[in-house]
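S.K.: What follows is data_39.txt; its format and atoms are compact mmCIF, C-alpha atoms.
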```txt
# COMPACT_ATOMS: atom_id res chain seq x y z
CA MET H 2 0.00 0.00 0.00
CA SER H 3 1.51 3.34 -1.09
CA PHE H 4 1.47 6.37 1.13
CA ASP H 5 1.01 9.54 -0.92
CA VAL H 6 2.55 12.32 1.16
CA GLY H 7 1.71 14.94 -1.42
CA PHE H 8 -1.95 14.07 -1.37
CA LEU H 9 -1.90 13.97 2.43
CA LEU H 10 -0.68 17.55 2.54
CA ARG H 11 -3.32 18.64 0.03
CA THR H 12 -6.09 17.14 2.16
CA VAL H 13 -5.25 19.38 5.14
CA ASP H 14 -6.96 22.41 3.61
CA ALA H 15 -9.99 20.38 2.54
CA ILE H 16 -10.57 18.77 5.94
CA GLY H 17 -9.69 22.07 7.59
CA GLU H 18 -12.85 23.48 6.01
CA GLY H 19 -14.81 21.31 8.44
CA LEU H 20 -12.71 22.38 11.43
CA ARG H 21 -14.75 25.52 12.01
CA MET H 22 -18.00 23.54 12.12
CA THR H 23 -16.45 20.98 14.48
CA VAL H 24 -15.49 23.81 16.85
CA VAL H 25 -18.94 25.40 16.45
CA VAL H 26 -20.47 22.10 17.58
CA ALA H 27 -17.91 21.22 20.26
CA VAL H 28 -17.72 24.52 22.18
CA PRO H 29 -21.50 24.94 22.77
CA ALA H 30 -21.77 21.22 23.52
CA LEU H 31 -19.08 21.52 26.19
CA LEU H 32 -20.54 24.63 27.79
CA LEU H 33 -24.20 23.64 27.61
CA SER H 34 -23.50 20.14 28.93
CA ALA H 35 -21.72 21.65 31.93
CA VAL H 36 -24.67 23.99 32.52
CA TRP H 37 -27.30 21.27 32.04
CA GLY H 38 -25.54 19.12 34.60
CA VAL H 39 -26.25 21.69 37.33
CA PRO H 40 -30.07 21.38 37.52
CA LEU H 41 -29.70 17.64 37.02
CA VAL H 42 -27.40 17.23 40.00
CA MET H 43 -29.62 19.52 42.08
CA ALA H 44 -32.58 17.27 41.30
CA LEU H 45 -30.47 14.17 41.80
CA MET H 46 -29.40 15.24 45.28
CA SER H 47 -32.75 16.75 46.20
CA LYS H 48 -34.42 15.60 49.39
CA GLY H 49 -37.66 15.30 47.46
CA LYS H 50 -38.25 11.79 46.16
CA LEU H 51 -39.91 12.79 42.88
CA PRO H 52 -37.17 15.14 41.56
CA SER H 53 -34.50 12.63 42.56
CA LEU H 54 -36.37 9.74 40.93
CA LEU H 55 -36.95 11.66 37.70
CA ALA H 56 -33.32 12.74 37.53
CA ARG H 57 -32.09 9.21 38.11
CA ALA H 58 -34.44 7.84 35.43
CA TYR H 59 -33.34 10.49 32.96
CA ILE H 60 -29.64 9.84 33.60
CA GLU H 61 -30.09 6.09 33.20
CA VAL H 62 -31.88 6.53 29.87
CA VAL H 63 -29.35 8.93 28.32
CA ARG H 64 -26.31 7.06 29.63
CA ASN H 65 -27.50 3.63 28.48
CA THR H 66 -28.48 4.52 24.92
CA PRO H 67 -25.94 5.49 22.21
CA VAL H 68 -25.70 9.18 21.45
CA LEU H 69 -25.97 8.34 17.74
CA VAL H 70 -29.36 6.74 18.35
CA GLN H 71 -30.41 9.83 20.29
CA MET H 72 -29.32 12.04 17.40
CA PHE H 73 -31.39 10.04 14.93
CA PHE H 74 -34.35 10.04 17.31
CA ILE H 75 -34.26 13.83 17.66
CA TYR H 76 -33.44 14.54 14.01
CA PHE H 77 -35.99 12.25 12.39
CA GLY H 78 -38.47 12.38 15.27
CA SER H 79 -38.71 16.15 15.08
CA GLY H 80 -39.57 15.86 11.39
CA MET H 81 -42.26 13.31 12.06
CA ALA H 82 -43.66 15.59 14.76
CA GLY H 83 -44.01 18.41 12.25
CA PHE H 84 -41.17 20.69 13.37
CA PRO H 85 -38.01 19.38 11.67
CA LEU H 86 -34.80 20.47 13.35
CA PRO H 87 -31.62 21.25 11.39
CA GLY H 88 -28.91 18.62 11.69
CA TYR H 89 -26.73 21.01 13.69
CA VAL H 90 -29.45 21.65 16.29
CA ALA H 91 -30.40 17.97 16.56
CA GLY H 92 -26.78 16.88 16.94
CA LEU H 93 -25.98 19.56 19.51
CA LEU H 94 -29.12 18.77 21.49
CA ALA H 95 -28.29 15.06 21.60
CA LEU H 96 -24.72 15.75 22.76
CA VAL H 97 -25.92 18.10 25.51
CA LEU H 98 -28.73 15.84 26.73
CA GLN H 99 -26.46 12.82 27.03
CA ASN H 100 -23.31 14.43 28.36
CA GLY H 101 -25.27 16.56 30.82
CA GLY H 102 -26.27 13.28 32.48
CA TYR H 103 -22.65 12.15 32.76
CA ILE H 104 -21.56 15.54 34.05
CA ALA H 105 -24.31 15.55 36.67
CA GLU H 106 -22.85 12.34 38.06
CA ILE H 107 -19.39 13.91 38.01
CA TYR H 108 -20.72 16.87 39.98
CA ARG H 109 -22.46 14.55 42.43
CA GLY H 110 -19.28 12.58 43.01
CA GLY H 111 -17.29 15.75 43.61
CA ILE H 112 -19.80 17.14 46.09
CA GLN H 113 -20.17 13.89 47.99
CA SER H 114 -16.39 13.51 48.22
CA ILE H 115 -16.26 16.51 50.56
CA SER H 116 -16.43 15.41 54.18
CA GLN H 117 -19.69 16.11 55.98
CA ARG H 118 -17.58 17.60 58.75
CA GLN H 119 -16.83 20.55 56.45
CA THR H 120 -20.54 21.34 56.28
CA GLU H 121 -20.97 20.83 60.00
CA ALA H 122 -18.06 23.19 60.68
CA GLY H 123 -19.59 25.86 58.46
CA LEU H 124 -22.94 25.58 60.20
CA ALA H 125 -21.23 25.68 63.59
CA LEU H 126 -19.59 28.96 62.59
CA GLY H 127 -23.01 30.45 61.93
CA PHE H 128 -23.20 30.14 58.14
CA MET H 129 -26.54 29.38 56.56
CA PRO H 130 -26.73 26.04 54.66
CA ARG H 131 -26.61 27.78 51.25
CA ALA H 132 -23.63 29.91 52.27
CA THR H 133 -21.88 26.87 53.70
CA PHE H 134 -22.28 25.04 50.43
CA GLY H 135 -21.21 27.99 48.27
CA LEU H 136 -18.24 29.09 50.36
CA ILE H 137 -16.91 25.82 51.75
CA VAL H 138 -18.17 22.76 49.87
CA LEU H 139 -18.43 24.04 46.29
CA PRO H 140 -14.87 25.44 45.90
CA GLN H 141 -13.40 22.14 47.08
CA ALA H 142 -15.75 20.12 44.88
CA VAL H 143 -14.84 22.17 41.79
CA ARG H 144 -11.17 21.32 42.19
CA LYS H 145 -12.00 17.63 42.43
CA VAL H 146 -14.22 17.50 39.32
CA ILE H 147 -11.82 19.20 36.88
CA PRO H 148 -9.97 15.98 35.87
CA PRO H 149 -13.13 13.94 35.15
CA LEU H 150 -14.68 16.96 33.41
CA SER H 151 -11.60 17.11 31.21
CA ASN H 152 -12.03 13.46 30.27
CA GLN H 153 -15.71 14.01 29.52
CA GLY H 154 -14.84 17.02 27.39
CA VAL H 155 -12.48 14.93 25.28
CA LEU H 156 -15.31 12.44 24.71
CA ILE H 157 -17.63 15.26 23.64
CA ILE H 158 -15.08 16.55 21.13
CA LYS H 159 -14.66 13.08 19.64
CA ASP H 160 -18.42 12.51 19.55
CA THR H 161 -18.89 15.62 17.40
CA SER H 162 -17.82 13.36 14.53
CA LEU H 163 -21.21 11.66 14.79
CA VAL H 164 -23.08 14.75 13.58
CA ALA H 165 -21.66 13.93 10.14
CA THR H 166 -24.32 11.21 9.94
CA ILE H 167 -27.06 13.86 9.90
CA SER H 168 -25.38 15.97 7.22
CA VAL H 169 -23.50 18.49 9.36
CA ALA H 170 -20.42 19.49 7.36
CA GLU H 171 -17.79 19.12 10.07
CA MET H 172 -14.41 17.42 9.66
CA THR H 173 -15.61 13.82 9.46
CA PHE H 174 -18.26 14.81 6.91
CA GLN H 175 -15.59 16.46 4.75
CA ALA H 176 -13.34 13.44 5.11
CA ARG H 177 -16.14 11.12 4.01
CA LEU H 178 -16.79 13.27 0.96
CA MET H 179 -13.13 13.08 -0.02
CA ALA H 180 -13.02 9.35 0.59
CA ASP H 181 -16.00 8.89 -1.75
CA ARG H 182 -14.22 10.86 -4.48
CA THR H 183 -10.74 9.35 -4.19
CA ALA H 184 -9.05 6.08 -3.37
CA ALA H 185 -6.74 7.66 -0.78
CA VAL H 186 -8.81 6.63 2.23
CA PHE H 187 -5.85 5.97 4.50
CA GLU H 188 -4.28 9.39 3.92
CA ILE H 189 -7.59 11.18 4.42
CA PHE H 190 -8.44 9.56 7.73
CA PHE H 191 -4.85 9.83 8.92
CA VAL H 192 -5.12 13.61 8.53
CA LEU H 193 -8.55 13.55 10.19
CA ALA H 194 -7.10 11.69 13.18
CA LEU H 195 -4.37 14.32 13.51
CA PHE H 196 -6.96 17.10 13.55
CA TYR H 197 -8.93 15.41 16.35
CA LEU H 198 -5.72 14.70 18.25
CA ALA H 199 -4.78 18.39 18.04
CA LEU H 200 -8.21 19.52 19.25
CA THR H 201 -8.33 17.14 22.21
CA THR H 202 -4.73 17.94 23.15
CA VAL H 203 -5.41 21.69 23.21
CA PHE H 204 -8.55 21.15 25.29
CA SER H 205 -6.75 18.87 27.75
CA LEU H 206 -3.94 21.39 28.17
CA LEU H 207 -6.42 24.19 28.84
CA MET H 208 -8.21 22.09 31.45
CA ARG H 209 -4.85 21.23 33.00
CA LEU H 210 -4.07 24.94 33.29
CA VAL H 211 -7.41 25.52 34.99
CA GLU H 212 -6.67 22.69 37.43
CA VAL H 213 -3.24 24.13 38.25
CA ARG H 214 -4.65 27.63 38.79
CA LEU H 215 -7.28 26.30 41.17
CA ARG H 216 -4.67 24.38 43.14
CA VAL H 217 -2.52 27.51 43.45
CA ARG H 218 -5.47 29.41 44.89
CA GLN H 219 -6.21 26.63 47.39
```
Starting from the file, give its structure as C-alpha cells.

M.R.:
Amino acid sequence: MSFDVGFLLRTVDAIGEGLRMTVVVAVPALLLSAVWGVPLVMALMSKGKLPSLLARAYIEVVRNTPVLVQMFFIYFGSGMAGFPLPGYVAGLLALVLQNGGYIAEIYRGGIQSISQRQTEAGLALGFMPRATFGLIVLPQAVRKVIPPLSNQGVLIIKDTSLVATISVAEMTFQARLMADRTAAVFEIFFVLALFYLALTTVFSLLMRLVEVRLRVRQ
C-alpha cells in the first residue's frame, strides 16, 4: 500500500474546512452540557423523592443509549412531529442531553467527596446552609471534578464526529466526501485523526491549566 505524502498535505486544507463547524459544535456542547448538569445534580441530590427519581431515570436513559441513536431520534423524530430540526441543532441537542447526564454524576461525586464535617463546621460557625455550600463545599468540589470533566470534554469533542451522519459538514463529513471521491482513504483519515488529536490535546492542556490555577489558589 503506497502512502502519498503529497496528497496527504493537500487534504489538510480540505478537511480544515470542516474544522470551524467541528469547533462550532464542540464549544456549545461543552458549555451547555456543563450547565445542564447543574439542575440535574440539584434534582439528583434533592431531598424530594420525585425530583430525585426523575433525575435518576433520565440519567439512566441517556447514559444507556448510544448518542448516535439519540441524534437520529431527535433529528428524524422532530420531522415526524411536524417541526423538523436542522442537523446542527439535533446533533448539539443530543450531545448536551447525554453528556449533561454524565456531568451531573461527576458533579455529584465531587460534592459527595467533601467530608460532611466541612458542612458541619460551616454551620457551627453560623453560616446558613446555602452559604456553607457555596463558600466551603463548592470550591473544594470544583477542584475535584476538573480531571473527570476534562475526560468528559475529550469524549464530547470526539463525539462531534457523529453529527456527520445527519449531514452536518464538520471534519468527518468532509473526510467522508473526499473518501468517496478518491481512493486515498488511508491518507484522508490519517489527517482527520491528527486534527482530532490536536483539538483534544489543546482542550486537555487548557483544562490542565485551569486545574493548576485552582490548586494555586487553594

S.K.: Hey, which of H:Glu121, H:Glu171, H:Glu61, H:Asp14 ends up closest to Gly92 (chain H)? Count only C-alpha atoms.

M.R.: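 Looking only at the distances to Gly92 (chain H), the closest residue turns out to be H:Glu171.
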
S.K.: Around the point (-8.9, 19.2, 3.7) in the file's coordinates, collect all residues with an atom within 12 Å, using only C-alpha atoms, and return them as number ranges by chain.

M.R.: H: 8-21, 171-180, 188-193, 195-196

S.K.: Could you please determine the separation between CA of Leu198 (chain H) and CA of Trp37 (chain H) in Å, to one decimal place?

M.R.: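 For CA of Leu198 (chain H) relative to CA of Trp37 (chain H), the distance reads 26.4 Å.
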
S.K.: Build an axis-aligned box that encloses every atom of region 58-69 of chain H listed in the file, pad it by 4 Å on each side, and report its centre and edge lengths in Å to one decimal, as AutoDock Vina command-line options.

M.R.:
```
--center_x -30.1 --center_y 7.1 --center_z 26.6 --size_x 16.7 --size_y 14.9 --size_z 25.7
```

S.K.: When distances are computed from only C-alpha atoms, which of H:Leu150, H:Met46, H:Met22, H:Leu69 shows the smallest separation from Met208 (chain H)?

M.R.: H:Leu150

S.K.: Wanna dump the region 76-159 of chain H-region 163-169 of chain H contacts at 12 Å for me, each residue with its shortest atom pair and the distance in Å to one decimal, counting all atoms listed in the file, ordered by chain and number, as JSON lines?

M.R.:
```
{"residue": "H:Tyr76", "atom": "CA", "partner": "H:Ile167", "partner_atom": "CA", "distance": 7.6}
{"residue": "H:Phe77", "atom": "CA", "partner": "H:Ile167", "partner_atom": "CA", "distance": 9.4}
{"residue": "H:Leu86", "atom": "CA", "partner": "H:Ile167", "partner_atom": "CA", "distance": 10.7}
{"residue": "H:Pro87", "atom": "CA", "partner": "H:Ile167", "partner_atom": "CA", "distance": 8.8}
{"residue": "H:Gly88", "atom": "CA", "partner": "H:Ile167", "partner_atom": "CA", "distance": 5.4}
{"residue": "H:Tyr89", "atom": "CA", "partner": "H:Val169", "partner_atom": "CA", "distance": 6.0}
{"residue": "H:Val90", "atom": "CA", "partner": "H:Val169", "partner_atom": "CA", "distance": 9.7}
{"residue": "H:Ala91", "atom": "CA", "partner": "H:Ile167", "partner_atom": "CA", "distance": 8.5}
{"residue": "H:Gly92", "atom": "CA", "partner": "H:Val164", "partner_atom": "CA", "distance": 5.4}
{"residue": "H:Leu93", "atom": "CA", "partner": "H:Val164", "partner_atom": "CA", "distance": 8.2}
{"residue": "H:Leu94", "atom": "CA", "partner": "H:Val164", "partner_atom": "CA", "distance": 10.7}
{"residue": "H:Ala95", "atom": "CA", "partner": "H:Val164", "partner_atom": "CA", "distance": 9.6}
{"residue": "H:Leu96", "atom": "CA", "partner": "H:Val164", "partner_atom": "CA", "distance": 9.4}
{"residue": "H:Leu156", "atom": "CA", "partner": "H:Leu163", "partner_atom": "CA", "distance": 11.6}
{"residue": "H:Ile157", "atom": "CA", "partner": "H:Leu163", "partner_atom": "CA", "distance": 10.2}
{"residue": "H:Ile158", "atom": "CA", "partner": "H:Leu163", "partner_atom": "CA", "distance": 10.1}
{"residue": "H:Lys159", "atom": "CA", "partner": "H:Leu163", "partner_atom": "CA", "distance": 8.3}
```

S.K.: Show me, as a PDB file with C-alpha atoms, in the frame of the given file, the residues that have an atom within 12 Å of Ile104 (chain H) when counting only C-alpha atoms, minus same-chain residues fewer than 5 positions from it.

M.R.:
```pdb
ATOM      1  CA  ALA H  30     -21.770  21.220  23.520  1.00  0.00           C
ATOM      2  CA  LEU H  31     -19.080  21.520  26.190  1.00  0.00           C
ATOM      3  CA  LEU H  32     -20.540  24.630  27.790  1.00  0.00           C
ATOM      4  CA  LEU H  33     -24.200  23.640  27.610  1.00  0.00           C
ATOM      5  CA  SER H  34     -23.500  20.140  28.930  1.00  0.00           C
ATOM      6  CA  ALA H  35     -21.720  21.650  31.930  1.00  0.00           C
ATOM      7  CA  VAL H  36     -24.670  23.990  32.520  1.00  0.00           C
ATOM      8  CA  TRP H  37     -27.300  21.270  32.040  1.00  0.00           C
ATOM      9  CA  GLY H  38     -25.540  19.120  34.600  1.00  0.00           C
ATOM     10  CA  VAL H  39     -26.250  21.690  37.330  1.00  0.00           C
ATOM     11  CA  PRO H  40     -30.070  21.380  37.520  1.00  0.00           C
ATOM     12  CA  LEU H  41     -29.700  17.640  37.020  1.00  0.00           C
ATOM     13  CA  VAL H  42     -27.400  17.230  40.000  1.00  0.00           C
ATOM     14  CA  LEU H  45     -30.470  14.170  41.800  1.00  0.00           C
ATOM     15  CA  ILE H  60     -29.640   9.840  33.600  1.00  0.00           C
ATOM     16  CA  VAL H  63     -29.350   8.930  28.320  1.00  0.00           C
ATOM     17  CA  ARG H  64     -26.310   7.060  29.630  1.00  0.00           C
ATOM     18  CA  LEU H  96     -24.720  15.750  22.760  1.00  0.00           C
ATOM     19  CA  VAL H  97     -25.920  18.100  25.510  1.00  0.00           C
ATOM     20  CA  LEU H  98     -28.730  15.840  26.730  1.00  0.00           C
ATOM     21  CA  GLN H  99     -26.460  12.820  27.030  1.00  0.00           C
ATOM     22  CA  ARG H 109     -22.460  14.550  42.430  1.00  0.00           C
ATOM     23  CA  GLY H 110     -19.280  12.580  43.010  1.00  0.00           C
ATOM     24  CA  GLY H 111     -17.290  15.750  43.610  1.00  0.00           C
ATOM     25  CA  VAL H 146     -14.220  17.500  39.320  1.00  0.00           C
ATOM     26  CA  ILE H 147     -11.820  19.200  36.880  1.00  0.00           C
ATOM     27  CA  PRO H 148      -9.970  15.980  35.870  1.00  0.00           C
ATOM     28  CA  PRO H 149     -13.130  13.940  35.150  1.00  0.00           C
ATOM     29  CA  LEU H 150     -14.680  16.960  33.410  1.00  0.00           C
ATOM     30  CA  SER H 151     -11.600  17.110  31.210  1.00  0.00           C
ATOM     31  CA  ASN H 152     -12.030  13.460  30.270  1.00  0.00           C
ATOM     32  CA  GLN H 153     -15.710  14.010  29.520  1.00  0.00           C
ATOM     33  CA  GLY H 154     -14.840  17.020  27.390  1.00  0.00           C
ATOM     34  CA  LEU H 156     -15.310  12.440  24.710  1.00  0.00           C
ATOM     35  CA  ILE H 157     -17.630  15.260  23.640  1.00  0.00           C
TER      36      ILE H 157
END
```

S.K.: Using only C-alpha atoms, find the one residue out of H:Met43, H:Ile112, H:Ala185, H:Val155 that sits nearest to Tyr197 (chain H).

M.R.: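 Using only C-alpha atoms, the shortest distance to Tyr197 (chain H) belongs to H:Val155.
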
S.K.: As an exercise, work out the distance from CA of Val68 (chain H) to CA of Gly80 (chain H) in Å and give it to one decimal place.

M.R.: 18.4 Å

S.K.: Under the rule that only C-alpha atoms are counted, which of H:Tyr108, H:Thr161, H:Gly83, H:Lys48 is the nearest residue to Leu200 (chain H)?

M.R.: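 That would be H:Thr161, the residue with the smallest distance to Leu200 (chain H).
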
S.K.: Would you kindly return, as a list in words, each protein, DNA or RNA residue with an atom no farther than 10 Å from any atom of Gln119 (chain H), considering only C-alpha atoms and excluding same-chain residues fewer than 2 positions away?

M.R.: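 Skipping anything fewer than 2 positions along the chain leaves Ile115, Ser116, Gln117, Glu121, Ala122, Gly123, Leu124, Ala125, Thr133, Phe134, Ile137 and Val138 of chain H.
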